[in-house]
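File shown: coords-v2.cif (mmCIF, C-alpha atoms and all ligand atoms).
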data_input
loop_
_atom_site.label_atom_id
_atom_site.label_comp_id
_atom_site.auth_asym_id
_atom_site.auth_seq_id
_atom_site.Cartn_x
_atom_site.Cartn_y
_atom_site.Cartn_z
CA MET A 257 0.00 0.00 0.00
CA ARG A 258 1.31 3.47 -0.91
CA ILE A 259 0.44 5.73 2.02
CA ARG A 260 0.56 9.50 1.53
CA LEU A 261 1.13 11.31 4.81
CA ALA A 262 0.04 14.93 4.30
CA TYR A 263 0.63 17.12 7.34
CA TYR A 264 0.67 20.70 8.50
CA SER A 265 2.76 21.99 11.37
CA GLY A 266 3.50 25.27 13.12
CA SER A 267 6.05 24.80 15.88
CA GLY A 268 6.92 21.22 14.86
CA ASN A 269 4.81 18.75 16.88
CA THR A 270 2.78 17.38 13.97
CA GLN A 271 5.92 17.35 11.81
CA CYS A 272 7.83 15.33 14.42
CA VAL A 273 4.97 12.79 14.60
CA ALA A 274 4.99 12.52 10.78
CA GLN A 275 8.72 11.75 10.81
CA LEU A 276 8.24 9.11 13.51
CA MET A 277 5.35 7.51 11.62
CA ARG A 278 7.49 7.30 8.52
CA ARG A 279 9.97 5.33 10.61
CA PHE A 280 7.42 3.09 12.34
CA ILE A 281 5.04 2.18 9.49
CA LYS A 282 6.64 -0.95 8.12
CA ASN A 283 5.91 -2.98 4.97
CA HIS A 284 4.25 -0.03 3.26
CA GLU A 285 5.60 2.82 1.18
CA VAL A 286 5.10 6.12 3.04
CA SER A 287 5.63 9.45 1.29
CA THR A 288 5.20 12.79 3.07
CA PHE A 289 3.73 16.10 1.91
CA PHE A 290 3.87 19.37 3.85
CA ILE A 291 0.56 21.21 3.49
CA LYS A 292 0.91 24.89 2.53
CA LYS A 293 -1.61 27.38 1.17
CA ASN A 294 -2.43 26.60 -2.51
CA ARG A 295 0.15 23.78 -2.70
CA LYS A 296 -1.21 20.94 -4.86
CA MET A 297 -0.57 17.26 -4.15
CA ASP A 298 -0.39 14.48 -6.76
CA GLU A 299 -2.78 11.48 -6.80
CA GLU A 300 -0.17 8.70 -6.65
CA TYR A 301 -1.27 7.03 -3.39
CA ASP A 302 -3.59 4.22 -2.22
CA ALA A 303 -4.35 5.52 1.28
CA LEU A 304 -4.25 8.95 2.88
CA LEU A 305 -3.01 9.94 6.32
CA ILE A 306 -3.69 13.53 7.42
CA GLY A 307 -1.69 15.09 10.27
CA SER A 308 -2.99 18.32 11.75
CA PRO A 309 -2.58 20.42 14.88
CA VAL A 310 -5.63 21.83 16.66
CA TYR A 311 -5.94 25.63 16.59
CA ALA A 312 -8.80 27.05 18.67
CA TYR A 313 -10.60 23.67 18.75
CA MET A 314 -10.56 23.40 14.95
CA PRO A 315 -8.18 22.34 12.18
CA PRO A 316 -6.11 25.23 10.77
CA LEU A 317 -7.71 26.95 7.77
CA THR A 318 -4.83 25.77 5.54
CA VAL A 319 -5.66 22.12 6.35
CA MET A 320 -9.38 22.66 5.75
CA GLU A 321 -8.67 24.28 2.37
CA PHE A 322 -6.31 21.42 1.48
CA VAL A 323 -8.66 18.53 2.34
CA SER A 324 -11.50 20.31 0.53
CA SER A 325 -9.44 20.13 -2.68
CA LEU A 326 -8.81 16.35 -2.52
CA LYS A 327 -10.65 13.56 -4.33
CA GLY A 328 -11.02 10.28 -2.44
CA ARG A 329 -12.24 7.92 -5.20
CA GLY A 330 -13.10 5.36 -2.48
CA ARG A 331 -9.63 5.33 -0.91
CA PRO A 332 -9.19 4.95 2.87
CA ALA A 333 -8.06 7.87 5.04
CA PHE A 334 -7.03 8.29 8.67
CA ILE A 335 -6.57 11.53 10.64
CA TYR A 336 -4.20 12.19 13.53
CA LEU A 337 -4.36 15.40 15.52
CA THR A 338 -1.77 16.88 17.85
CA LYS A 339 -3.24 18.98 20.62
CA GLY A 340 -2.28 20.86 23.78
CA LEU A 341 -5.40 19.86 25.69
CA ILE A 342 -8.82 19.75 23.97
CA SER A 343 -9.39 18.95 20.31
CA GLY A 344 -13.00 20.20 20.17
CA ASP A 345 -14.56 19.53 16.77
CA ALA A 346 -11.28 19.38 14.80
CA GLY A 347 -11.25 15.64 13.99
CA ARG A 348 -14.91 15.41 13.08
CA LYS A 349 -14.70 18.52 10.92
CA LEU A 350 -11.86 17.04 8.84
CA ALA A 351 -13.51 13.61 8.71
CA LYS A 352 -16.75 15.06 7.34
CA VAL A 353 -14.99 16.94 4.52
CA LEU A 354 -12.94 13.87 3.57
CA LYS A 355 -16.05 11.69 3.54
CA LYS A 356 -17.92 14.23 1.38
CA ASN A 357 -15.00 14.13 -1.06
CA GLY A 358 -15.17 10.37 -1.46
CA PHE A 359 -12.72 8.98 1.15
CA VAL A 360 -13.57 6.17 3.57
CA VAL A 361 -12.55 7.73 6.91
CA THR A 362 -11.23 4.84 9.01
CA GLY A 363 -10.48 6.75 12.20
CA VAL A 364 -9.36 9.88 14.04
CA SER A 365 -6.80 9.90 16.82
CA ASP A 366 -5.52 12.66 19.15
CA LEU A 367 -1.99 12.93 20.54
CA LEU A 368 -1.43 15.14 23.58
CA MET A 369 1.76 17.19 23.17
CA ALA A 370 3.37 20.41 24.42
CA ASP A 371 1.12 23.40 23.76
CA SER A 372 2.74 25.71 21.21
CA LEU A 373 0.42 28.59 22.13
CA PHE A 374 0.43 28.56 25.95
CA ILE A 375 4.21 28.26 25.95
CA LEU A 376 4.19 31.96 24.94
CA LEU A 377 2.96 32.87 28.40
CA LEU A 378 5.87 31.15 30.15
CA ARG A 379 9.46 32.02 30.94
CA GLU A 380 12.41 30.10 29.52
CA GLY A 381 13.56 27.42 31.99
CA SER A 382 10.79 28.07 34.53
CA PHE A 383 9.02 25.30 36.43
CA LEU A 384 5.87 25.83 34.34
CA HIS A 385 7.95 25.62 31.16
CA LYS A 386 9.13 22.15 32.23
CA ILE A 387 5.55 21.10 33.05
CA MET A 388 4.40 22.34 29.64
CA LEU A 389 6.91 20.03 27.92
CA TYR A 390 5.86 17.01 29.99
CA PRO A 391 3.14 15.74 27.57
CA ASN A 392 5.88 14.98 25.01
CA LYS A 393 7.10 12.18 27.25
CA ASN A 394 6.92 8.73 25.60
CA ILE A 395 5.98 10.28 22.28
CA GLU A 396 7.99 7.66 20.36
CA ALA A 397 6.19 4.77 22.05
CA ARG A 398 2.78 6.40 21.56
CA VAL A 399 3.42 7.06 17.86
CA LYS A 400 4.74 3.52 17.38
CA LYS A 401 1.50 2.10 18.81
CA LEU A 402 -0.64 4.49 16.78
CA SER A 403 1.24 3.61 13.58
CA ARG A 404 0.20 -0.04 14.00
CA THR A 405 -3.46 0.96 14.52
CA ILE A 406 -3.37 3.23 11.47
CA THR A 407 -2.00 0.53 9.16
CA GLU A 408 -4.61 -1.97 10.37
CA ARG A 409 -7.47 0.50 9.90
CA LEU A 410 -6.34 1.63 6.45
CA LEU A 411 -6.12 -2.00 5.32
CA LYS A 412 -9.52 -2.90 6.82
CA LYS A 413 -11.12 0.15 5.18
CA GLU A 414 -14.12 0.37 7.52
CA GLU A 415 -15.66 3.77 8.20
CA LYS A 416 -15.12 5.06 11.75
CA ILE A 417 -16.05 8.73 12.27
CA PRO A 418 -16.08 10.01 15.88
CA PRO A 419 -19.43 11.18 17.29
CA GLY A 420 -20.05 14.89 17.99
CA LYS A 421 -18.99 16.16 21.43
CA TRP A 422 -21.46 17.84 23.80
CA TYR A 423 -19.14 20.76 24.59
CA VAL A 424 -18.58 21.88 20.97
CA PRO A 425 -21.09 24.81 21.13
CA ILE A 426 -19.04 26.19 24.07
CA THR A 427 -15.63 25.73 22.41
CA THR A 428 -17.00 27.33 19.21
CA LYS A 429 -17.86 30.49 21.18
CA ILE A 430 -14.41 30.54 22.86
CA ALA A 431 -12.77 30.06 19.45
CA ALA A 432 -14.64 33.08 18.02
CA LEU A 433 -13.28 35.22 20.86
CA PHE A 434 -9.76 33.86 20.26
CA TRP A 435 -9.76 34.71 16.54
CA LYS A 436 -10.95 38.24 17.34
CA LYS A 437 -7.96 38.66 19.66
CA GLU A 438 -5.67 36.97 17.10
CA GLN A 439 -6.39 39.76 14.59
CA LYS A 440 -4.73 42.17 17.02
CA LEU A 441 -1.89 39.78 17.85
CA GLN A 442 -0.95 39.16 14.18
CA ARG A 443 -0.47 42.92 13.76
CA ALA A 444 1.95 42.88 16.70
CA PHE A 445 4.63 40.70 15.00
CA LEU A 446 7.99 42.50 14.84
CA THR A 447 11.69 41.73 14.67
CA ASP A 448 14.34 42.80 17.16
CA GLU A 449 17.99 43.73 16.60
CA ARG A 450 19.00 40.06 16.17
CA CYS A 451 17.26 39.82 12.76
CA ASP A 452 19.89 39.53 10.00
CA LEU A 453 17.32 39.51 7.15
CA CYS A 454 18.26 35.90 6.29
CA GLY A 455 14.81 35.35 4.73
CA ALA A 456 14.13 32.01 6.45
CA CYS A 457 10.78 33.16 7.85
CA GLU A 458 9.51 33.91 4.32
CA GLY A 459 9.98 30.25 3.35
CA LEU A 460 8.74 28.96 6.71
CA CYS A 461 5.30 30.58 6.60
CA PRO A 462 2.69 28.06 5.34
CA ARG A 463 0.41 30.92 4.23
CA LYS A 464 3.04 32.94 2.33
CA ASN A 465 2.25 35.84 4.63
CA ILE A 466 5.82 37.11 5.15
CA THR A 467 8.00 39.18 2.81
CA VAL A 468 11.63 39.93 3.59
CA GLU A 469 13.17 42.90 1.83
CA LYS A 470 14.82 45.74 3.73
CA SER A 471 12.77 44.59 6.72
CA VAL A 472 10.44 41.71 7.56
CA ILE A 473 6.84 42.47 6.62
CA TRP A 474 3.82 40.45 7.77
CA GLY A 475 0.65 40.55 5.64
CA ASP A 476 -2.88 40.04 6.95
CA ASP A 477 -3.29 36.33 6.11
CA CYS A 478 -1.85 34.85 9.30
CA GLU A 479 -3.42 31.87 11.10
CA PHE A 480 -1.10 32.21 14.08
CA CYS A 481 0.61 28.84 13.59
CA LEU A 482 3.70 30.50 15.16
CA ARG A 483 6.09 28.73 12.79
CA CYS A 484 7.94 31.99 12.08
CA PHE A 485 8.08 32.90 15.77
CA HIS A 486 9.33 29.53 17.07
CA ARG A 487 11.67 28.72 14.18
CA CYS A 488 13.48 31.97 13.34
CA PRO A 489 17.16 30.93 13.54
CA GLN A 490 18.04 34.15 15.42
CA THR A 491 14.97 34.05 17.74
CA ALA A 492 14.49 37.60 16.50
CA ILE A 493 10.69 37.56 16.18
CA GLN A 494 8.57 39.03 18.95
CA ILE A 495 4.84 39.54 19.39
CA GLY A 496 4.76 43.06 20.76
CA THR A 497 6.39 43.06 24.17
CA TYR A 498 4.47 39.97 25.34
CA THR A 499 7.12 37.47 24.26
CA LEU A 500 10.42 39.09 25.34
CA ARG A 501 11.03 36.27 27.85
CA SER A 502 9.02 33.48 26.20
CA PRO A 503 10.69 30.20 25.27
CA ARG A 504 10.87 29.15 21.62
CA TYR A 505 9.69 25.64 20.84
CA ARG A 506 10.46 23.39 17.86
CA GLY A 507 8.78 20.13 18.77
CA PRO A 508 10.03 17.25 20.97
C1 LIG A 601 -3.17 29.39 17.56
C2 LIG A 601 -3.16 28.13 18.35
C3 LIG A 601 -4.34 27.64 18.90
C4 LIG A 601 -4.34 26.44 19.63
N1 LIG A 601 -5.53 25.96 20.09
C5 LIG A 601 -5.58 24.76 20.70
C6 LIG A 601 -6.83 24.19 21.08
O1 LIG A 601 -7.90 24.74 20.87
N2 LIG A 601 -6.82 23.00 21.71
C7 LIG A 601 -5.66 22.33 21.97
O2 LIG A 601 -5.72 21.26 22.53
N3 LIG A 601 -4.45 22.84 21.59
C8 LIG A 601 -4.39 24.03 20.96
N4 LIG A 601 -3.18 24.55 20.55
C9 LIG A 601 -1.96 23.77 20.80
C10 LIG A 601 -1.56 22.95 19.57
O3 LIG A 601 -2.66 22.28 19.02
C11 LIG A 601 -0.53 21.89 19.91
O4 LIG A 601 0.55 22.42 20.61
C12 LIG A 601 -0.07 21.22 18.60
O5 LIG A 601 0.59 20.04 18.91
C13 LIG A 601 0.82 22.13 17.78
O6 LIG A 601 1.25 21.42 16.66
P1 LIG A 601 2.27 22.02 15.60
O7 LIG A 601 3.55 22.29 16.36
O8 LIG A 601 2.45 20.94 14.61
O9 LIG A 601 1.64 23.25 15.06
C14 LIG A 601 -3.14 25.74 19.85
C15 LIG A 601 -1.93 26.24 19.32
C16 LIG A 601 -1.95 27.43 18.58
C17 LIG A 601 -0.65 27.94 17.99
S1 LIG A 602 14.08 34.25 9.92
FE1 LIG A 602 14.47 35.62 11.66
S2 LIG A 602 16.51 36.45 11.25
FE2 LIG A 602 15.77 35.59 9.31
S3 LIG A 602 14.73 37.31 8.27
FE3 LIG A 602 13.15 36.24 9.43
S4 LIG A 602 13.08 37.32 11.39
FE4 LIG A 602 14.99 37.91 10.43
S1 LIG A 603 3.01 34.74 9.66
FE1 LIG A 603 3.99 33.36 11.12
S2 LIG A 603 2.34 32.78 12.52
FE2 LIG A 603 1.36 33.71 10.72
S3 LIG A 603 0.86 31.98 9.37
FE3 LIG A 603 2.88 32.73 8.78
S4 LIG A 603 4.37 31.48 9.94
FE4 LIG A 603 2.35 31.24 10.87
#

Is it possible to give me this structure as structure tokens?
Ligand SMILES: Cc1cc2nc3c(=O)[nH]c(=O)nc-3n(C[C@H](O)[C@H](O)[C@H](O)COP(=O)(O)O)c2cc1C
Ligand code: SF4
Ligand code: SF4
Amino acid sequence: MRIRLAYYSGSGNTQCVAQLMRRFIKNHEVSTFFIKKNRKMDEEYDALLIGSPVYAYMPPLTVMEFVSSLKGRGRPAFIYLTKGLISGDAGRKLAKVLKKNGFVVTGVSDLLMADSLFILLLREGSFLHKIMLYPNKNIEARVKKLSRTITERLLKKEEKIPPGKWYVPITTKIAALFWKKEQKLQRAFLTDERCDLCGACEGLCPRKNITVEKSVIWGDDCEFCLRCFHRCPQTAIQIGTYTLRSPRYRGP
């Protein structure tokens, strides 16, 4: 079976899981694809594996746009989510779009990992920072186990979509408040004196929202994945003055 593992990742959790799955899924050909805005994927696969983080209880917009463009033609699909705490409606939302587009959705699974958003509120090396990283413990063993389940489910090709959760109307309201606040936060991105205009952030942004010329310029199409913030080689990106002492995080 040729498995296509298409994933999206901000700080690096979902990316790390994708790399581990590639190592642990045996006897099948696994090829990976990093999901970016408007990036097209070929059709040369027998089964689809989608990896997505949870942003405000939902899949990121880029992942939703991507899965909406796919054609299942009866092929099996499986979804894994990485989350900081609560996945809300993210898995079901993706599963429903995939099903509508002709995939047989064989399961959705959540992996608890360090929270790439809440880490912004912490101080480098603090006790809370260490606690925040704790969910990454045993990630290899958890991914190894999940990889076995995924292969079995994809081969069996039986539909398994999770039921709706009772708390989703509440998380939807919280998410709306978050995205309102995010509009202000995305305008607060700036670089400090460590920026050497290397241009890495331009290539890192999955939404092509950054231009580097004589300075670094952010557009208004940001989904706050924080890839630029966490992965700038000079740690030169700040969000206003909120993040002067925040740790940067690049996955386990
Ligand atoms: C903007 C944003 C919103 C988030 N919202 C949630 C959430 O609603 N529920 C949750 O469990 N984790 C949430 N998280 C945490 C991430 O889902 C989690 O850390 C994930 O593993 C990050 O994966 P990535 O590094 O591949 O982007 C959020 C992170 C960000 C950046
Ligand atoms: S990646 Fe960092 S150092 Fe490089 S241009 Fe962007 S902000 Fe500046
Ligand atoms: S600008 Fe930064 S936070 Fe916004 S989408 Fe691009 S990489 Fe993510």

Using 7 Å as the limit and counting all atoms listed in the file, can you tabulate each residue of chain A that touches ligand LIG 603 (chain A), with its shortest atom-to-atom distance in Å and the two atoms involved, as a tab-separated table?
residue	atom	partner	partner_atom	distance
A:Gly266	CA	A:LIG603	FE4	6.5
A:Gln442	CA	A:LIG603	FE2	6.9
A:Cys457	CA	A:LIG603	S4	6.9
A:Leu460	CA	A:LIG603	S4	6.0
A:Cys461	CA	A:LIG603	S4	3.6
A:Pro462	CA	A:LIG603	FE3	5.8
A:Arg463	CA	A:LIG603	S3	5.3
A:Lys464	CA	A:LIG603	FE3	6.5
A:Asn465	CA	A:LIG603	S1	5.2
A:Ile466	CA	A:LIG603	S1	5.8
A:Trp474	CA	A:LIG603	S1	6.1
A:Asp477	CA	A:LIG603	S3	6.8
A:Cys478	CA	A:LIG603	FE2	3.7
A:Glu479	CA	A:LIG603	S3	4.6
A:Phe480	CA	A:LIG603	S2	3.8
A:Cys481	CA	A:LIG603	FE4	4.0
A:Leu482	CA	A:LIG603	S2	3.7
A:Arg483	CA	A:LIG603	S4	4.3
A:Cys484	CA	A:LIG603	S4	4.2
A:Phe485	CA	A:LIG603	FE1	6.2

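Picture a line from CA of Cys451 (chain A) to CA of Gly340 (chain A); it runs 29.4 Å.
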
Please list as number ranges by chain every residue within 12 Å of Asp345 (chain A), counting only C-alpha atoms and excluding residues in the same chain fewer than 6 positions away.
A: 310-316, 337, 339, 351-352, 364, 366, 417-428, 431

The selected residues should be written to file as a compact mmCIF listing (two decimals), in the frame of the given file (atoms: C-alpha atoms).
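That gives us result_18.txt:
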# COMPACT_ATOMS: atom_id res chain seq x y z
CA VAL A 310 -5.63 21.83 16.66
CA TYR A 311 -5.94 25.63 16.59
CA ALA A 312 -8.80 27.05 18.67
CA TYR A 313 -10.60 23.67 18.75
CA MET A 314 -10.56 23.40 14.95
CA PRO A 315 -8.18 22.34 12.18
CA PRO A 316 -6.11 25.23 10.77
CA LEU A 337 -4.36 15.40 15.52
CA LYS A 339 -3.24 18.98 20.62
CA ALA A 351 -13.51 13.61 8.71
CA LYS A 352 -16.75 15.06 7.34
CA VAL A 364 -9.36 9.88 14.04
CA ASP A 366 -5.52 12.66 19.15
CA ILE A 417 -16.05 8.73 12.27
CA PRO A 418 -16.08 10.01 15.88
CA PRO A 419 -19.43 11.18 17.29
CA GLY A 420 -20.05 14.89 17.99
CA LYS A 421 -18.99 16.16 21.43
CA TRP A 422 -21.46 17.84 23.80
CA TYR A 423 -19.14 20.76 24.59
CA VAL A 424 -18.58 21.88 20.97
CA PRO A 425 -21.09 24.81 21.13
CA ILE A 426 -19.04 26.19 24.07
CA THR A 427 -15.63 25.73 22.41
CA THR A 428 -17.00 27.33 19.21
CA ALA A 431 -12.77 30.06 19.45

So the first atom is CA of His284 (chain A) and the second is CA of Thr407 (chain A); what is the distance between them in Å, to one decimal place?
8.6 Å

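Counting all atoms listed in the file, Leu453 (chain A) has the following residues at most 9 Å away, ignoring those fewer than 3 positions along the same chain: Ala456, Val468, Glu469, Lys470, Ser471 and Val472 of chain A.
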
I'd like to know which of A:His486, A:Lys416, A:Lys356, A:Arg260 is closest to ligand LIG 601 (chain A), using only C-alpha atoms and all ligand atoms.
A:His486

Report, in Å with one decimal, the straight-line distance from atom O4 of ligand LIG 601 (chain A) to CA of Arg279 (chain A).
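Interatomic distance here is 21.9 Å.
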
Would you kindly return, as an MDAnalysis selection string, each protein, DNA or RNA residue with an atom no farther than 10 Å from any atom of region 324-330 of chain A, considering only C-alpha atoms and excluding same-chain residues fewer than 6 positions away?
chainID A and resid 294 296:299 302:304 318 350 353:361 413

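Residues with any atom within 12 Å of the point (3.2, 34.4, 28.7), counting only C-alpha atoms, are A:Ser372, A:Leu373, A:Phe374, A:Ile375, A:Leu376, A:Leu377, A:Leu378, A:Arg379, A:Glu380, A:Ser382, A:Leu384, A:His385, A:Ile495, A:Gly496, A:Thr497, A:Tyr498, A:Thr499, A:Leu500, A:Arg501, A:Ser502, A:Pro503, A:Arg504.
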
Using all atoms listed in the file for the distances, tell me which of A:Leu433, A:Val319, A:Arg487, A:Met388 is nearest to Leu341 (chain A).
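Among the listed residues, A:Met388 lies closest to Leu341 (chain A).
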
Using all atoms listed in the file, pick whichever of A:Ile335, A:Ala397, A:Cys454, A:Val273 has the shortest atom-to-atom distance to ligand LIG 601 (chain A).
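Using all atoms listed in the file, the shortest distance to ligand LIG 601 (chain A) belongs to A:Val273.
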
Using the file's own x, y and z axes, what box holds all listed atoms of region 338-344 of chain A with 4 Å on each side, keeping edges along x, y and z, and what are its centre and edge lengths in Å to one decimal, as AutoDock Vina command-line options?
--center_x -7.4 --center_y 18.9 --center_z 21.8 --size_x 19.2 --size_y 12.0 --size_z 15.8

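Of the listed residues A:Ser403, A:Thr447, A:Ser265, A:Ser343, the one whose atoms come nearest to Lys282 (chain A) is A:Ser403, with distances taken using only C-alpha atoms.
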
Go through A:Ile387, A:Leu446, A:Arg331, A:Arg506 one by one, measure the shortest atom-to-atom distance of each to ligand LIG 602 (chain A) using only C-alpha atoms and all ligand atoms, and give the residue with the smallest value.
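Checking each candidate against ligand LIG 602 (chain A), we get A:Leu446 as the closest.
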
Nearest to Glu396 (chain A) by atom-to-atom distance, counting only C-alpha atoms, from A:Ala262, A:Ala432, A:Ala274, A:Lys440:
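Smallest distance to Glu396 (chain A) is found for A:Ala274.
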
Contact residues around Thr270 (chain A) with all atoms listed in the file at 7 Å, ignoring same-chain residues under 4 positions, as a ChimeraX atom specification:
/A:263-265,274,307-309,338

Dump as an mmCIF file, in the coordinates of the input, selection limited to C-alpha atoms:
data_model
loop_
_atom_site.group_PDB
_atom_site.id
_atom_site.type_symbol
_atom_site.label_atom_id
_atom_site.label_comp_id
_atom_site.auth_asym_id
_atom_site.auth_seq_id
_atom_site.Cartn_x
_atom_site.Cartn_y
_atom_site.Cartn_z
ATOM 1 C CA TYR A 263 0.630 17.120 7.340
ATOM 2 C CA TYR A 264 0.670 20.700 8.500
ATOM 3 C CA SER A 265 2.760 21.990 11.370
ATOM 4 C CA ALA A 274 4.990 12.520 10.780
ATOM 5 C CA GLY A 307 -1.690 15.090 10.270
ATOM 6 C CA SER A 308 -2.990 18.320 11.750
ATOM 7 C CA PRO A 309 -2.580 20.420 14.880
ATOM 8 C CA THR A 338 -1.770 16.880 17.850
#

Rebuild all heavy atoms on region 420-428 of chain A, as a compact mmCIF listing (two decimals), keeping the file's coordinate frame?
# COMPACT_ATOMS: atom_id res chain seq x y z
N GLY A 420 -20.17 13.49 17.56
CA GLY A 420 -20.05 14.89 17.99
C GLY A 420 -19.88 14.97 19.50
O GLY A 420 -20.32 14.08 20.23
N LYS A 421 -19.21 16.01 19.99
CA LYS A 421 -18.99 16.16 21.43
C LYS A 421 -19.96 17.20 22.00
O LYS A 421 -20.22 18.22 21.34
CB LYS A 421 -17.54 16.59 21.69
CG LYS A 421 -16.54 15.51 21.34
CD LYS A 421 -15.12 16.04 21.33
CE LYS A 421 -14.15 14.95 20.88
NZ LYS A 421 -12.92 15.49 20.36
N TRP A 422 -20.43 16.97 23.21
CA TRP A 422 -21.46 17.84 23.80
C TRP A 422 -20.97 19.27 24.00
O TRP A 422 -21.73 20.22 23.94
CB TRP A 422 -21.93 17.25 25.15
CG TRP A 422 -20.83 17.18 26.19
CD1 TRP A 422 -20.01 16.12 26.42
CD2 TRP A 422 -20.39 18.22 27.08
NE1 TRP A 422 -19.10 16.41 27.40
CE2 TRP A 422 -19.32 17.70 27.83
CE3 TRP A 422 -20.80 19.53 27.33
CZ2 TRP A 422 -18.64 18.43 28.79
CZ3 TRP A 422 -20.13 20.27 28.30
CH2 TRP A 422 -19.07 19.72 29.01
N TYR A 423 -19.65 19.43 24.22
CA TYR A 423 -19.14 20.76 24.59
C TYR A 423 -18.79 21.64 23.38
O TYR A 423 -18.34 22.78 23.55
CB TYR A 423 -17.92 20.62 25.51
CG TYR A 423 -16.76 19.86 24.92
CD1 TYR A 423 -15.91 20.44 23.99
CD2 TYR A 423 -16.50 18.54 25.29
CE1 TYR A 423 -14.84 19.75 23.44
CE2 TYR A 423 -15.44 17.84 24.75
CZ TYR A 423 -14.61 18.44 23.83
OH TYR A 423 -13.57 17.75 23.28
N VAL A 424 -19.01 21.13 22.17
CA VAL A 424 -18.58 21.88 20.97
C VAL A 424 -19.23 23.28 20.86
O VAL A 424 -18.54 24.25 20.51
CB VAL A 424 -18.77 21.02 19.70
CG1 VAL A 424 -18.69 21.87 18.44
CG2 VAL A 424 -17.68 19.95 19.67
N PRO A 425 -20.54 23.44 21.20
CA PRO A 425 -21.09 24.81 21.13
C PRO A 425 -20.31 25.79 22.03
O PRO A 425 -20.14 26.96 21.68
CB PRO A 425 -22.53 24.63 21.64
CG PRO A 425 -22.84 23.20 21.39
CD PRO A 425 -21.57 22.45 21.54
N ILE A 426 -19.79 25.30 23.16
CA ILE A 426 -19.04 26.19 24.07
C ILE A 426 -17.67 26.52 23.46
O ILE A 426 -17.27 27.68 23.41
CB ILE A 426 -18.84 25.50 25.46
CG1 ILE A 426 -20.20 25.13 26.05
CG2 ILE A 426 -18.07 26.43 26.42
CD1 ILE A 426 -20.12 24.20 27.25
N THR A 427 -16.97 25.47 22.97
CA THR A 427 -15.63 25.73 22.41
C THR A 427 -15.73 26.61 21.15
O THR A 427 -14.85 27.41 20.89
CB THR A 427 -14.90 24.41 22.08
OG1 THR A 427 -15.72 23.59 21.26
CG2 THR A 427 -14.50 23.65 23.32
N THR A 428 -16.83 26.50 20.40
CA THR A 428 -17.00 27.33 19.21
C THR A 428 -17.06 28.81 19.61
O THR A 428 -16.47 29.67 18.95
CB THR A 428 -18.28 26.93 18.44
OG1 THR A 428 -18.22 25.53 18.21
CG2 THR A 428 -18.43 27.64 17.11
